[in-house]
Amino acid sequence: MSESSSPAKLDAVTAKRPSDLGKHLVLLLLLGISLFPFYMMIQISLKDNSLFFANPWLPNAPDTWKWGNYLYAMRLILPYVANTVVVSVTATAGCLAISIFGAYFFARYKMPFGGFLWAAFLLLMLMPGVANIVPLFAVLKGLGLLNTLWALILLGVSGGIVFTMYVLRNFIEDIPKDLFEAAEIDGASHFHQIRNVVIPMSGSIIGTLAILTFLNTWNDFLMPLIVLRDPQLFTIGVGLIYLDGEYVKPWGQIMAAFFVASLPLIIIFMFMMKLFIRGLSAGAVKG
Amino acid sequence: MSTPISSRKALHEWKLYLFIVPAIILVGVFCYFPAASAIYHSFFRWSGGTTKEFIGLQNFRDALGDRIFWYSFWVIAILVVSNVIKLVPSILMAVLIHRLKSDRWQYLYRVGVVLPMIVPGLVTLFIWKFFFDPTQGALNGFLDATGLKAMLVWLDGMMGWDVFHEGIPIAWLGEPDLIIPSLIIWGFPWIGAVGVLIYLAGLQSIGTEVYEAAELDGASSWQKFRFVEFPLIMTQVRLSLVMLIIATLQGFGLQFLLLGQDGGPGGRGMVPGLWMFNRAFLAGEFGYACALGIFLFVFILGLTWINNRYVRVEK
């Protein structure tokens, strides 16, 4: 995936139009409206309700900023963030580890029963998750996992395995066979082959899959809502739902809480923006 | 492709099976067992505990006569159609970005498109819920300030909707007739980061000579889109269409968060998933909820089959 298009092509695309001004206007308008909610979040997060009602649209002068909102938000949200980080990181690591081994199993040899197992995994992609929620609840209850973070970790891993393995299998199959054979002649076990051939060769797709799995667990609120009872275990999603349920709405504090809840992802993306954009585009081309 | 292997070698490589065991166990316990359990329990009156009573096909018969369940499919149909229309801004955006001369700007806009995605979806949704607030929300504030409200009231008078009134704040999530419109307009202008990036990737595969040929024929901007660009991103559009339809059918988080467990006033925003959730966790009719889930599964399976059969996605 190259970012740049050749100059010749760009000339051909835009030969007759002297300027891109019109396009920029439309694009900026679309982007502006898309980003408007976040502008509102940030500017309201620094006001209390009376300032907000007096001036709902524009930011106030810095000397009126209510940093107390952020104190409140941190106290409320940071414990939830910690829980969510534990769940998402563990689930992502687990999902990737298990999927890499699983994908290797399918991609390396046509093992007996391999085809059957593969079909059984793929069938899961068609099943609507919603249909399973009710019995899943009973399973978790039976295993004594209700009201634990382990439940969310296990669900995150099992929910991500099929898709991750599906994508990884295609990638591993594209790795030249000679590399595996060379490693085998050198006496490398399958474990070593995964470590020294598979992981280095599919680094970027593993990164993209990690981001996708992480985002899925991070954004999930339904299972946490069903599974968790104890406020100390709440993840961000459940925490925000309970916050939304409050009758009196101190908007400033609520928006500050939203902002704090978004921060971890913003920080992660600042570092991974390139990887993410490239990974998504590449994945899209592969279909 | 994976290398074929003789059964003797496979026997020798038996340890490989250990690689797949964790995946099988997890998927078995948390995906297959619940699915089997759902089918089993759909024949019972069951409230989640240890006691249950076999009632044969009664749950399925009840589901067929369940007016709310049928209505929820109607809601889904409307949402699917509107979601298809909502693809347009993303396509427009991708084409406009692609046609920009400067690579630098192209990259900047890409970053801009991805930015909203790094805010958790839940937060975006809650901000929109706040926008919908009748007295304090930004949407009504905007409509009042721009005079669009007066236009809506006038339109209301013409069409006899009886939902927009002079001097009364619009209750977006409180007025039954506005529930579905609210479900549609939230997230305006509906730019989907993944969608835009996918289309851009498709557009980049268009060769120079195609554009040069179009230039020579004196194609207009619209013609270039209609005959060059759109056909070439058709694969990507279909792909996102399929993902979108399945997601719309299965999803109920949006309705749950905006409207609550009952689908809003009058249950106007009820969707199949939410109704299932509602029956199970509110009414305690777990067995019935399982039966609803099976209907939904069969429905989605049918659509997937139709899709694979008739809407071929060429790779």
# chains A, B, ... in the order shown; residues from 1 in each chain; ligands from 1
$ closest_atom_pairs --of "range 222-266 of chain B" --to "range 213-227 of chain A" --cutoff "10 Å" --atoms "only C-alpha atoms" --output "tab-separated table"
residue	atom	partner	partner_atom	distance
B:Phe252	CA	A:Leu222	CA	9.5
B:Gly253	CA	A:Leu222	CA	7.3
B:Phe256	CA	A:Leu222	CA	9.4
B:Leu257	CA	A:Phe221	CA	10.0
$ closest_atom_pairs --of "range 151-268 of chain A" --to "range 1-19 of chain B" --cutoff "12 Å" --atoms "only C-alpha atoms" --output "CSV"
residue,atom,partner,partner_atom,distance
A:Arg169,CA,B:Ser2,CA,9.3
A:Asn170,CA,B:Met1,CA,8.4
A:Phe171,CA,B:Met1,CA,10.3
A:Ile172,CA,B:Ser2,CA,9.1
A:Glu173,CA,B:Met1,CA,5.5
A:Asp174,CA,B:Met1,CA,7.6
A:Ile175,CA,B:Met1,CA,9.9
A:Pro176,CA,B:Met1,CA,10.4
A:Lys177,CA,B:Thr3,CA,8.7
A:Asp178,CA,B:Thr3,CA,11.8
A:Phe180,CA,B:Thr3,CA,11.1
A:Glu181,CA,B:Thr3,CA,11.3
A:Ser189,CA,B:Leu16,CA,10.3
A:His190,CA,B:Leu16,CA,7.8
A:Phe191,CA,B:Phe19,CA,9.4
A:Ile194,CA,B:Phe19,CA,11.0
$ select_by_dssp --residues "range 129-165 of chain B" --states "helix (DSSP H, G or I)" --output "mmCIF file with C-alpha atoms, in the first residue's frame"
data_model
loop_
_atom_site.group_PDB
_atom_site.id
_atom_site.type_symbol
_atom_site.label_atom_id
_atom_site.label_comp_id
_atom_site.auth_asym_id
_atom_site.auth_seq_id
_atom_site.Cartn_x
_atom_site.Cartn_y
_atom_site.Cartn_z
ATOM 1 C CA LYS B 129 -28.264 11.603 23.350
ATOM 2 C CA PHE B 130 -27.381 14.902 24.971
ATOM 3 C CA PHE B 131 -27.903 16.685 21.612
ATOM 4 C CA ALA B 138 -27.718 21.183 20.777
ATOM 5 C CA LEU B 139 -30.083 19.919 18.096
ATOM 6 C CA ASN B 140 -33.064 21.960 19.250
ATOM 7 C CA GLY B 141 -30.758 24.872 19.972
ATOM 8 C CA PHE B 142 -29.482 24.714 16.413
ATOM 9 C CA LEU B 143 -32.974 24.418 14.908
ATOM 10 C CA ASP B 144 -34.221 27.382 16.946
ATOM 11 C CA ALA B 145 -31.227 29.552 16.148
ATOM 12 C CA THR B 146 -31.332 28.941 12.397
ATOM 13 C CA LEU B 148 -35.307 25.661 10.770
ATOM 14 C CA LYS B 149 -37.679 24.956 13.630
ATOM 15 C CA ALA B 150 -40.215 27.392 12.152
ATOM 16 C CA MET B 151 -39.877 25.570 8.859
ATOM 17 C CA LEU B 152 -40.516 22.219 10.539
ATOM 18 C CA VAL B 153 -43.582 23.640 12.280
ATOM 19 C CA TRP B 154 -44.834 24.951 8.949
ATOM 20 C CA LEU B 155 -44.190 21.582 7.294
ATOM 21 C CA ASP B 156 -45.976 19.905 10.181
ATOM 22 C CA GLY B 157 -49.009 22.116 9.582
ATOM 23 C CA MET B 158 -48.968 21.157 5.906
ATOM 24 C CA MET B 159 -48.533 17.444 6.415
#
$ closest_atom_pairs --of "chain B" --to "chain A" --cutoff "6 Å" --atoms "only C-alpha atoms" --output "tab-separated table"
residue	atom	partner	partner_atom	distance
B:Met1	CA	A:Glu173	CA	5.5
B:Ser2	CA	A:Ala107	CA	4.9
B:Thr3	CA	A:Tyr109	CA	4.6
B:Pro4	CA	A:Lys110	CA	4.9
B:Ile5	CA	A:Lys110	CA	5.9
B:Phe19	CA	A:Phe101	CA	5.1
B:Ile20	CA	A:Gly102	CA	4.7
B:Leu26	CA	A:Ser158	CA	5.6
B:Val27	CA	A:Ser158	CA	5.5
B:Pro34	CA	A:Pro135	CA	5.0
B:Ala35	CA	A:Asn132	CA	5.6
B:Ala38	CA	A:Pro135	CA	5.8
B:Lys101	CA	A:Leu10	CA	5.9
B:Ile118	CA	A:Ile266	CA	5.8
B:Val119	CA	A:Ser262	CA	5.3
B:Val123	CA	A:Phe258	CA	6.0
B:Leu197	CA	A:Ser281	CA	5.8
B:Ile198	CA	A:Ala284	CA	5.3
B:Ala201	CA	A:Ser281	CA	5.6
B:Thr208	CA	A:Lys9	CA	4.7
B:Tyr211	CA	A:Ala12	CA	5.8
B:Glu212	CA	A:Ala12	CA	5.6
B:Gly293	CA	A:Ala131	CA	4.1
B:Phe297	CA	A:Pro128	CA	5.9
$ atom_distance --atom1 "CA of Leu200 in chain B" --atom2 "CA of Ala94 in chain B"
5.5 Å
$ closest_residue --among "B:Ser47, B:Ile306, B:Ile127, B:Ile24" --to "Ala283 in chain B" --atoms "only C-alpha atoms"
B:Ser47
$ atom_distance --atom1 "CA of Ala291 in chain B" --atom2 "CA of Phe43 in chain B"
7.7 Å
$ atom_distance --atom1 "CA of Gln261 in chain B" --atom2 "CA of Gly284 in chain B"
13.4 Å
$ residues_around --residues "Leu87 in chain B" --least-positions-apart "6" --cutoff "9 Å" --atoms "only C-alpha atoms" --output "list of chain:residue names"
B:Trp190, B:Ile191, B:Gly192, B:Gly195, B:Val237, B:Ser240, B:Leu241
